[in-house]
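These notes concern the structure reproduced below.
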Amino acid sequence: VSALAFDPACAEYAARAYALNDELHDPAVVLRARGYTALTAVFSAGAGWEEVEGVWREASSTPGLEEHAGVLGVCICWYAVLRCELDRADCYLAEAAKFCDDHDLGMFSGLVASAAPVTALHRGDWDRAAVAAEQILTRLELSPQHRFLPLLTLAEVGARRGQQAVDPLLDEAASGTQPGDLFRLDAARAARAEVAWLSGDDVTALAEAEEGLS
């Protein structure tokens with residue numbers, strides 16, 4: 001939770017997890033603590049990718065930790081996508097998708113796939129971004145978390161094409177977020193700011209941007 005909220009206390013919680021593991025002797029506890037601490041540093045400062053990759057690949061290669069590897073794979077993909085590190089994101093998406101498919105991690109596979117439309121959007125390939133997003137959104141069994149990035153992608157593509165009816169997409173995306181989930185809330189605010197700016201509403205665009213930066 002603290003990692004998703006970019007809370008500096010994440011490092012303290014990780015230290016407590018390390019101490020607790022002296023009693024539990026569970027390698028998953030240490031891996032998750034290391035991974036989330038590194039992810040917080042990556043999203044806050046853009047540094048520490050090598051540490052995250054190391055933890056992720058260690059989990060991927062350790063029998064019994066496949067689901068933990070799936071969680072970390074989703075996180076590293078989403079972080080790379082939302083930081084617009086597109087070449088890095090493409091590599092992570094391919095690797096995580098293969099791992100999830102090889103280990104029948106369907107839920108995590110869907111979350112990895114949900115980030116792919118964003119890379120197409122940021123590369124300027126609006127048609128591919130929209131098609132990829134729509135393919136995910138037609139799968140009605142998926143959770144709000146799976147739908148989050150595809151909804152933002154469709155809204156931004158629509159706004160860039162001058163379409164007006166994109167607010168319902170943004171509203172649905174935001175409705176699936178929790179108050180402390182700054183990771184997704186900030187992504188939603190950035191999308192709202194862009195949509196408002198493209199429609200000529202500079203006041204709302206500035207307000208959304210300032211809220212995301214606060």
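Labels used: A, B, ... for chains in the order of the structure tokens, numbers from 1 for residues in each chain, and numbers from 1 for ligands as shown.
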
Hey, what's within 7 Å of segment 121-132 of chain A if we count only C-alpha atoms and toss same-chain stuff fewer than 6 positions away? As a PyMOL selection string, please?
chain A and resi 153-154+157

Once DSSP has gone over the backbone, tell me which residues of segment 132-194 of chain A are in helix (DSSP H, G or I), as a PyMOL selection string.
chain A and resi 132-137+144-160+167-175+182-194

Kindly export the residues of the current selection with N, CA and C atoms, as a compact mmCIF listing (two decimals), in the first residue's frame.
```txt
# COMPACT_ATOMS: atom_id res chain seq x y z
N ALA A 132 -6.19 -2.05 -29.31
CA ALA A 132 -5.72 -2.87 -28.19
C ALA A 132 -6.56 -2.62 -26.94
N ALA A 133 -6.91 -1.36 -26.69
CA ALA A 133 -7.73 -1.03 -25.52
C ALA A 133 -9.12 -1.63 -25.64
N GLU A 134 -9.71 -1.52 -26.81
CA GLU A 134 -11.06 -2.05 -27.00
C GLU A 134 -11.10 -3.57 -26.87
N GLN A 135 -10.06 -4.24 -27.32
CA GLN A 135 -10.01 -5.70 -27.20
C GLN A 135 -10.04 -6.13 -25.74
N ILE A 136 -9.40 -5.35 -24.88
CA ILE A 136 -9.42 -5.67 -23.45
C ILE A 136 -10.77 -5.33 -22.84
N LEU A 137 -11.31 -4.19 -23.19
CA LEU A 137 -12.56 -3.73 -22.57
C LEU A 137 -13.76 -4.56 -22.96
N PRO A 144 -12.08 -3.96 -12.55
CA PRO A 144 -11.81 -2.54 -12.78
C PRO A 144 -10.32 -2.24 -12.93
N GLN A 145 -9.47 -2.98 -12.22
CA GLN A 145 -8.03 -2.75 -12.34
C GLN A 145 -7.54 -3.09 -13.75
N HIS A 146 -8.08 -4.17 -14.33
CA HIS A 146 -7.71 -4.53 -15.70
C HIS A 146 -8.17 -3.46 -16.69
N ARG A 147 -9.29 -2.82 -16.41
CA ARG A 147 -9.89 -1.88 -17.34
C ARG A 147 -9.28 -0.47 -17.24
N PHE A 148 -8.55 -0.21 -16.17
CA PHE A 148 -8.11 1.15 -15.86
C PHE A 148 -7.30 1.79 -16.99
N LEU A 149 -6.19 1.21 -17.36
CA LEU A 149 -5.33 1.82 -18.39
C LEU A 149 -5.99 1.82 -19.78
N PRO A 150 -6.69 0.75 -20.19
CA PRO A 150 -7.39 0.84 -21.47
C PRO A 150 -8.44 1.94 -21.52
N LEU A 151 -9.15 2.18 -20.40
CA LEU A 151 -10.12 3.28 -20.37
C LEU A 151 -9.44 4.63 -20.55
N LEU A 152 -8.33 4.84 -19.84
CA LEU A 152 -7.60 6.09 -20.00
C LEU A 152 -7.09 6.25 -21.42
N THR A 153 -6.63 5.16 -22.00
CA THR A 153 -6.10 5.21 -23.37
C THR A 153 -7.19 5.62 -24.35
N LEU A 154 -8.36 4.99 -24.26
CA LEU A 154 -9.45 5.34 -25.17
C LEU A 154 -9.88 6.79 -25.00
N ALA A 155 -9.90 7.25 -23.74
CA ALA A 155 -10.29 8.64 -23.49
C ALA A 155 -9.29 9.60 -24.13
N GLU A 156 -8.01 9.32 -23.99
CA GLU A 156 -7.00 10.22 -24.54
C GLU A 156 -6.97 10.17 -26.06
N VAL A 157 -7.15 8.99 -26.63
CA VAL A 157 -7.23 8.89 -28.09
C VAL A 157 -8.43 9.69 -28.59
N GLY A 158 -9.58 9.51 -27.93
CA GLY A 158 -10.77 10.24 -28.34
C GLY A 158 -10.59 11.74 -28.24
N ALA A 159 -9.97 12.21 -27.15
CA ALA A 159 -9.76 13.65 -26.98
C ALA A 159 -8.81 14.19 -28.04
N ARG A 160 -7.78 13.43 -28.36
CA ARG A 160 -6.83 13.90 -29.38
C ARG A 160 -7.46 13.94 -30.76
N ASP A 167 -15.60 11.77 -21.20
CA ASP A 167 -15.68 11.88 -19.74
C ASP A 167 -16.19 10.60 -19.08
N PRO A 168 -17.18 9.89 -19.65
CA PRO A 168 -17.61 8.64 -19.02
C PRO A 168 -16.48 7.61 -18.90
N LEU A 169 -15.58 7.60 -19.85
CA LEU A 169 -14.43 6.69 -19.78
C LEU A 169 -13.53 7.04 -18.61
N LEU A 170 -13.27 8.34 -18.44
CA LEU A 170 -12.45 8.80 -17.33
C LEU A 170 -13.13 8.54 -15.99
N ASP A 171 -14.44 8.75 -15.96
CA ASP A 171 -15.19 8.53 -14.71
C ASP A 171 -15.13 7.05 -14.31
N GLU A 172 -15.30 6.16 -15.28
CA GLU A 172 -15.24 4.73 -14.95
C GLU A 172 -13.86 4.35 -14.46
N ALA A 173 -12.82 4.87 -15.11
CA ALA A 173 -11.46 4.55 -14.68
C ALA A 173 -11.22 5.00 -13.24
N ALA A 174 -11.64 6.22 -12.93
CA ALA A 174 -11.42 6.77 -11.59
C ALA A 174 -12.24 6.05 -10.54
N SER A 175 -13.40 5.53 -10.92
CA SER A 175 -14.29 4.89 -9.94
C SER A 175 -13.68 3.62 -9.37
N LEU A 182 -2.20 6.53 -5.08
CA LEU A 182 -1.73 7.67 -5.86
C LEU A 182 -1.18 7.23 -7.20
N PHE A 183 -0.70 6.01 -7.28
CA PHE A 183 -0.16 5.50 -8.53
C PHE A 183 -1.20 5.61 -9.65
N ARG A 184 -2.41 5.11 -9.38
CA ARG A 184 -3.45 5.18 -10.41
C ARG A 184 -4.18 6.52 -10.39
N LEU A 185 -4.36 7.09 -9.23
CA LEU A 185 -5.04 8.39 -9.17
C LEU A 185 -4.30 9.45 -9.97
N ASP A 186 -2.97 9.46 -9.85
CA ASP A 186 -2.19 10.45 -10.58
C ASP A 186 -2.26 10.22 -12.08
N ALA A 187 -2.30 8.95 -12.49
CA ALA A 187 -2.46 8.66 -13.92
C ALA A 187 -3.81 9.16 -14.42
N ALA A 188 -4.85 8.98 -13.61
CA ALA A 188 -6.18 9.45 -13.99
C ALA A 188 -6.22 10.97 -14.07
N ARG A 189 -5.56 11.63 -13.12
CA ARG A 189 -5.53 13.10 -13.14
C ARG A 189 -4.77 13.63 -14.35
N ALA A 190 -3.69 12.96 -14.70
CA ALA A 190 -2.93 13.38 -15.87
C ALA A 190 -3.78 13.26 -17.13
N ALA A 191 -4.55 12.19 -17.22
CA ALA A 191 -5.43 12.01 -18.38
C ALA A 191 -6.51 13.09 -18.40
N ARG A 192 -7.10 13.38 -17.24
CA ARG A 192 -8.13 14.43 -17.18
C ARG A 192 -7.53 15.79 -17.56
N ALA A 193 -6.32 16.05 -17.11
CA ALA A 193 -5.68 17.32 -17.45
C ALA A 193 -5.49 17.44 -18.95
N GLU A 194 -5.03 16.37 -19.58
CA GLU A 194 -4.82 16.41 -21.04
C GLU A 194 -6.14 16.60 -21.77
```

Can you pull out the residues contacting Trp56 of chain A? Cut-off 12 Å, using only C-alpha atoms, and skip same-chain residues under 4 positions away; I want them as a ChimeraX atom specification.
/A:28,30-36,38-39,49-52,60-62,65-77,92,95-96,99

Using atom CA of Gln163 of chain A and atom CA of Val118 of chain A as the two end points, give the distance in Å to one decimal.
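Spanning atom CA of Gln163 of chain A to atom CA of Val118 of chain A is a straight-line distance of 18.5 Å.
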
Which one is closest to Asp181 of chain A: A:Gly54, A:Gly212, A:Gly64, A:Gly110? Count only C-alpha atoms.
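When distances to Asp181 of chain A are compared using only C-alpha atoms, the smallest one comes from A:Gly212.
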